[in-house]
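work.txt follows; it contains compact mmCIF, N, CA and C atoms.
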```txt
# COMPACT_ATOMS: atom_id res chain seq x y z
N MET H 1 6.65 4.64 2.55
CA MET H 1 6.23 3.30 2.87
C MET H 1 7.12 2.32 2.12
N SER H 2 7.43 1.28 2.76
CA SER H 2 8.21 0.24 2.11
C SER H 2 7.32 -0.92 1.70
N ARG H 3 7.56 -1.42 0.53
CA ARG H 3 6.81 -2.58 0.05
C ARG H 3 6.98 -3.72 1.03
N ARG H 4 8.19 -3.91 1.51
CA ARG H 4 8.45 -5.03 2.42
C ARG H 4 7.76 -4.83 3.76
N PHE H 5 7.45 -3.63 4.11
CA PHE H 5 6.77 -3.37 5.38
C PHE H 5 5.29 -3.70 5.28
N PHE H 6 4.59 -3.11 4.32
CA PHE H 6 3.14 -3.29 4.25
C PHE H 6 2.78 -4.74 3.96
N CYS H 7 3.54 -5.41 3.13
CA CYS H 7 3.22 -6.79 2.78
C CYS H 7 3.40 -7.73 3.97
N ALA H 8 4.12 -7.28 5.01
CA ALA H 8 4.33 -8.09 6.20
C ALA H 8 3.21 -7.94 7.22
N ILE H 9 2.37 -6.93 7.04
CA ILE H 9 1.26 -6.70 7.97
C ILE H 9 0.13 -7.67 7.63
N ASN H 10 -0.31 -8.40 8.63
CA ASN H 10 -1.43 -9.31 8.42
C ASN H 10 -2.61 -8.51 7.89
N PRO H 11 -3.26 -8.98 6.82
CA PRO H 11 -4.38 -8.24 6.26
C PRO H 11 -5.46 -7.87 7.28
N SER H 12 -5.62 -8.64 8.32
CA SER H 12 -6.62 -8.32 9.35
C SER H 12 -6.24 -7.08 10.15
N ARG H 13 -5.00 -6.60 10.03
CA ARG H 13 -4.55 -5.42 10.78
C ARG H 13 -4.18 -4.25 9.88
N ARG H 14 -4.37 -4.37 8.61
CA ARG H 14 -3.95 -3.31 7.69
C ARG H 14 -4.75 -2.03 7.84
N ASP H 15 -6.00 -2.11 8.23
CA ASP H 15 -6.77 -0.89 8.44
C ASP H 15 -6.18 -0.07 9.58
N GLU H 16 -5.60 -0.73 10.58
CA GLU H 16 -4.93 -0.02 11.67
C GLU H 16 -3.76 0.80 11.13
N TYR H 17 -3.01 0.22 10.19
CA TYR H 17 -1.89 0.93 9.58
C TYR H 17 -2.40 2.18 8.85
N VAL H 18 -3.45 2.01 8.06
CA VAL H 18 -4.00 3.14 7.31
C VAL H 18 -4.42 4.25 8.26
N GLN H 19 -5.11 3.91 9.33
CA GLN H 19 -5.55 4.90 10.31
C GLN H 19 -4.36 5.59 10.96
N GLN H 20 -3.34 4.83 11.32
CA GLN H 20 -2.17 5.41 11.97
C GLN H 20 -1.41 6.34 11.03
N MET H 21 -1.24 5.94 9.78
CA MET H 21 -0.55 6.80 8.82
C MET H 21 -1.32 8.10 8.61
N ALA H 22 -2.63 8.02 8.51
CA ALA H 22 -3.45 9.22 8.34
C ALA H 22 -3.30 10.13 9.56
N ALA H 23 -3.18 9.55 10.74
CA ALA H 23 -3.04 10.34 11.97
C ALA H 23 -1.64 10.95 12.07
N LEU H 24 -0.62 10.25 11.60
CA LEU H 24 0.75 10.74 11.73
C LEU H 24 1.09 11.84 10.73
N LEU H 25 0.54 11.75 9.54
CA LEU H 25 0.84 12.74 8.50
C LEU H 25 0.06 14.02 8.73
N LYS H 26 0.65 15.13 8.35
CA LYS H 26 -0.05 16.41 8.43
C LYS H 26 -1.19 16.40 7.42
N PRO H 27 -2.19 17.27 7.60
CA PRO H 27 -3.25 17.38 6.59
C PRO H 27 -2.62 17.61 5.21
N ASN H 28 -3.09 16.91 4.24
CA ASN H 28 -2.57 16.93 2.87
C ASN H 28 -1.18 16.30 2.75
N GLY H 29 -0.70 15.63 3.81
CA GLY H 29 0.59 14.93 3.74
C GLY H 29 0.50 13.78 2.75
N LYS H 30 1.66 13.43 2.17
CA LYS H 30 1.69 12.41 1.11
C LYS H 30 2.24 11.08 1.62
N LEU H 31 1.68 10.03 1.09
CA LEU H 31 2.15 8.66 1.30
C LEU H 31 2.53 8.14 -0.08
N ILE H 32 3.81 7.83 -0.26
CA ILE H 32 4.33 7.44 -1.57
C ILE H 32 5.13 6.16 -1.39
N GLY H 33 4.97 5.22 -2.31
CA GLY H 33 5.76 3.99 -2.20
C GLY H 33 5.35 2.94 -3.21
N LEU H 34 5.73 1.72 -2.90
CA LEU H 34 5.43 0.56 -3.73
C LEU H 34 4.66 -0.47 -2.91
N LEU H 35 3.71 -1.10 -3.55
CA LEU H 35 2.96 -2.20 -2.95
C LEU H 35 2.97 -3.37 -3.92
N PHE H 36 2.93 -4.57 -3.37
CA PHE H 36 2.80 -5.72 -4.25
C PHE H 36 1.44 -5.71 -4.92
N ASP H 37 1.40 -6.03 -6.18
CA ASP H 37 0.14 -6.20 -6.92
C ASP H 37 0.01 -7.70 -7.21
N LYS H 38 -0.02 -8.44 -6.13
CA LYS H 38 -0.05 -9.90 -6.24
C LYS H 38 -0.50 -10.46 -4.90
N ASP H 39 -1.48 -11.32 -4.93
CA ASP H 39 -1.93 -12.00 -3.71
C ASP H 39 -1.18 -13.32 -3.64
N PHE H 40 -0.37 -13.48 -2.63
CA PHE H 40 0.44 -14.68 -2.51
C PHE H 40 -0.33 -15.86 -1.94
N GLY H 41 -1.52 -15.62 -1.37
CA GLY H 41 -2.34 -16.69 -0.83
C GLY H 41 -1.65 -17.44 0.31
N ARG H 42 -0.93 -16.71 1.13
CA ARG H 42 -0.15 -17.32 2.20
C ARG H 42 -0.74 -16.99 3.56
N GLU H 43 -0.37 -17.78 4.54
CA GLU H 43 -0.77 -17.54 5.93
C GLU H 43 0.34 -16.84 6.71
N GLU H 44 1.41 -16.47 6.01
CA GLU H 44 2.54 -15.78 6.63
C GLU H 44 3.10 -14.77 5.63
N PRO H 45 3.85 -13.78 6.11
CA PRO H 45 4.41 -12.79 5.20
C PRO H 45 5.34 -13.40 4.17
N PRO H 46 5.44 -12.82 3.01
CA PRO H 46 4.67 -11.65 2.55
C PRO H 46 3.27 -12.06 2.13
N PHE H 47 2.31 -11.21 2.47
CA PHE H 47 0.92 -11.49 2.16
C PHE H 47 0.51 -10.99 0.78
N GLY H 48 1.13 -9.90 0.33
CA GLY H 48 0.74 -9.32 -0.95
C GLY H 48 -0.60 -8.63 -0.86
N GLY H 49 -1.20 -8.36 -2.01
CA GLY H 49 -2.49 -7.69 -2.04
C GLY H 49 -2.88 -7.33 -3.46
N THR H 50 -4.03 -6.69 -3.59
CA THR H 50 -4.56 -6.32 -4.90
C THR H 50 -4.96 -4.85 -4.91
N ILE H 51 -5.09 -4.30 -6.11
CA ILE H 51 -5.54 -2.91 -6.25
C ILE H 51 -6.87 -2.71 -5.54
N ALA H 52 -7.80 -3.63 -5.75
CA ALA H 52 -9.14 -3.48 -5.14
C ALA H 52 -9.04 -3.42 -3.61
N GLU H 53 -8.19 -4.25 -3.03
CA GLU H 53 -8.03 -4.22 -1.57
C GLU H 53 -7.45 -2.89 -1.13
N TYR H 54 -6.39 -2.44 -1.79
CA TYR H 54 -5.74 -1.19 -1.39
C TYR H 54 -6.68 -0.01 -1.55
N GLN H 55 -7.42 0.04 -2.64
CA GLN H 55 -8.37 1.14 -2.83
C GLN H 55 -9.39 1.14 -1.70
N ARG H 56 -9.93 -0.02 -1.39
CA ARG H 56 -10.94 -0.11 -0.32
C ARG H 56 -10.36 0.34 1.01
N ARG H 57 -9.15 -0.04 1.31
CA ARG H 57 -8.55 0.29 2.61
C ARG H 57 -8.15 1.77 2.72
N PHE H 58 -7.60 2.33 1.66
CA PHE H 58 -7.04 3.68 1.75
C PHE H 58 -8.03 4.79 1.40
N GLU H 59 -9.05 4.52 0.60
CA GLU H 59 -9.88 5.60 0.06
C GLU H 59 -10.66 6.38 1.12
N GLN H 60 -10.90 5.81 2.28
CA GLN H 60 -11.64 6.55 3.31
C GLN H 60 -10.80 7.64 3.95
N ARG H 61 -9.50 7.45 4.01
CA ARG H 61 -8.61 8.41 4.69
C ARG H 61 -7.67 9.16 3.75
N PHE H 62 -7.53 8.66 2.52
CA PHE H 62 -6.59 9.24 1.57
C PHE H 62 -7.26 9.49 0.23
N ASP H 63 -6.83 10.56 -0.44
CA ASP H 63 -7.16 10.76 -1.84
C ASP H 63 -6.08 10.04 -2.64
N ILE H 64 -6.48 9.07 -3.42
CA ILE H 64 -5.52 8.28 -4.19
C ILE H 64 -5.24 9.03 -5.48
N GLU H 65 -4.03 9.57 -5.59
CA GLU H 65 -3.64 10.34 -6.77
C GLU H 65 -3.08 9.42 -7.85
N ILE H 66 -2.28 8.44 -7.44
CA ILE H 66 -1.70 7.48 -8.39
C ILE H 66 -1.71 6.11 -7.73
N MET H 67 -2.17 5.13 -8.45
CA MET H 67 -2.06 3.74 -8.05
C MET H 67 -2.03 2.95 -9.36
N GLU H 68 -0.81 2.70 -9.81
CA GLU H 68 -0.66 2.09 -11.13
C GLU H 68 0.58 1.19 -11.15
N PRO H 69 0.64 0.30 -12.12
CA PRO H 69 1.81 -0.59 -12.21
C PRO H 69 3.10 0.23 -12.25
N SER H 70 4.07 -0.22 -11.49
CA SER H 70 5.38 0.43 -11.46
C SER H 70 6.12 0.11 -12.75
N TYR H 71 6.64 1.15 -13.41
CA TYR H 71 7.34 0.94 -14.67
C TYR H 71 8.83 0.67 -14.48
N ASN H 72 9.35 0.92 -13.26
CA ASN H 72 10.79 0.76 -13.07
C ASN H 72 11.12 -0.20 -11.92
N SER H 73 10.33 -1.23 -11.78
CA SER H 73 10.59 -2.24 -10.75
C SER H 73 11.85 -3.03 -11.09
N HIS H 74 12.42 -3.62 -10.08
CA HIS H 74 13.53 -4.55 -10.29
C HIS H 74 13.02 -5.66 -11.21
N PRO H 75 13.85 -6.16 -12.12
CA PRO H 75 13.41 -7.19 -13.06
C PRO H 75 12.73 -8.40 -12.39
N ALA H 76 13.16 -8.76 -11.21
CA ALA H 76 12.55 -9.91 -10.52
C ALA H 76 11.13 -9.62 -10.04
N ARG H 77 10.78 -8.34 -9.92
CA ARG H 77 9.43 -7.96 -9.45
C ARG H 77 8.62 -7.26 -10.53
N GLN H 78 9.14 -7.18 -11.74
CA GLN H 78 8.44 -6.51 -12.84
C GLN H 78 7.06 -7.11 -13.03
N GLY H 79 6.07 -6.25 -13.10
CA GLY H 79 4.69 -6.71 -13.31
C GLY H 79 3.98 -7.12 -12.03
N SER H 80 4.64 -7.00 -10.89
CA SER H 80 3.99 -7.40 -9.63
C SER H 80 4.05 -6.30 -8.57
N GLU H 81 4.31 -5.05 -9.00
CA GLU H 81 4.35 -3.94 -8.05
C GLU H 81 3.50 -2.77 -8.56
N LEU H 82 2.94 -2.06 -7.60
CA LEU H 82 2.19 -0.84 -7.88
C LEU H 82 2.93 0.35 -7.28
N PHE H 83 3.01 1.43 -8.03
CA PHE H 83 3.49 2.70 -7.50
C PHE H 83 2.28 3.42 -6.95
N ILE H 84 2.39 3.94 -5.72
CA ILE H 84 1.26 4.68 -5.12
C ILE H 84 1.70 6.07 -4.70
N LYS H 85 0.78 6.98 -4.86
CA LYS H 85 0.95 8.34 -4.34
C LYS H 85 -0.43 8.75 -3.85
N MET H 86 -0.52 9.01 -2.55
CA MET H 86 -1.80 9.34 -1.92
C MET H 86 -1.62 10.57 -1.04
N ARG H 87 -2.71 11.25 -0.80
CA ARG H 87 -2.68 12.45 0.03
C ARG H 87 -3.74 12.29 1.13
N VAL H 88 -3.34 12.59 2.36
CA VAL H 88 -4.29 12.50 3.47
C VAL H 88 -5.43 13.47 3.23
N LYS H 89 -6.63 12.99 3.41
CA LYS H 89 -7.79 13.88 3.25
C LYS H 89 -7.79 14.92 4.34
N ALA H 90 -8.09 16.15 3.94
CA ALA H 90 -8.10 17.27 4.90
C ALA H 90 -9.35 17.24 5.74
```

Spit out the file's structure as structure tokens when you get a sec.
Amino acid sequence: MSRRFFCAINPSRRDEYVQQMAALLKPNGKLIGLLFDKDFGREEPPFGGTIAEYQRRFEQRFDIEIMEPSYNSHPARQGSELFIKMRVKA
């Protein structure tokens, strides 16, 4: 997953993305990437998001193995990204 991809999805459609990813990945398949840990409060991309939102959206279809601040983000994004590693529920 790309940070720039998910943050561009309107929050009203993000559950569709979660469902589609769960359907595309094999059972126990992994979803790994970066997400913004910042709500931009915008009506256009990038929308950003929060840990609470991501947990709520992904936990029904994925086991969240890691969702924590990224330690190696680009200096311009330091402190505003989460590293995620999730596994599709079998």

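The shortest atom-to-atom distance to Gln60 (chain H), with only C-alpha atoms taken into account, belongs to H:Ala90 out of H:Ala90, H:Cys7, H:Leu82, H:Leu24.
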
Those of chain H in DSSP alpha helix (DSSP H), formatted as an NGL selection string = :H and (3-6 or 14-24 or 51-58)

remark   = Taken to one decimal, the CA of Lys85 (chain H)-CA of Lys30 (chain H) distance is 6.8 Å

Spatial neighbours of Ile84 (chain H), 8 Å, all atoms listed in the file, chain gap at least 2 places, as number ranges by chain = H: 31-35, 64-70, 81-82, 86-87

task = Apply DSSP to the structure's backbone, then extract all residues of chain H labelled strand (DSSP E) and return them as JSON, numbers by chain.
result = {"H": [30, 31, 32, 33, 34, 35, 36, 38, 39, 48, 49, 62, 63, 64, 65, 66, 67, 68, 69, 81, 82, 83, 84, 85, 86, 87, 88]}

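In this comparison, which uses only N, CA and C atoms, the residue of H:Pro46, H:Arg77, H:Leu25, H:Arg61 approaching Ile9 (chain H) most closely is H:Pro46.
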
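Put simply, atom N of Ile51 (chain H) is 7.8 Å away from atom C of Lys38 (chain H).
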
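Coordinates place CA of Ala76 (chain H) at a distance of 27.0 Å from CA of Tyr17 (chain H).
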
Nearby residues (all atoms listed in the file) at most 7 Å from Val18 (chain H), same-chain spacing under 5 positions excluded, as a ChimeraX atom specification = /H:13,23,57-58,61

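Around Phe40 (chain H), within 8 Å and counting only N, CA and C atoms, the residues found are H:Pro46, H:Phe47, H:Gly48, H:Gly49, H:Thr50, once anything fewer than 5 positions away on its own chain is removed.
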
Nearest to Ala22 (chain H) by atom-to-atom distance, counting only N, CA and C atoms, from H:Val88, H:Gly79, H:Phe6, H:Tyr71 = H:Val88

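With only C-alpha atoms as the atoms that count, the minimum distance from Gly29 (chain H) to the choices H:Phe5, H:Asn72, H:Lys89, H:Gln55 is reached by H:Lys89.
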
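Nearest residue to Phe83 (chain H) among H:Glu59, H:Glu53, H:Phe36, H:Gly41 is H:Phe36, counting only N, CA and C atoms.
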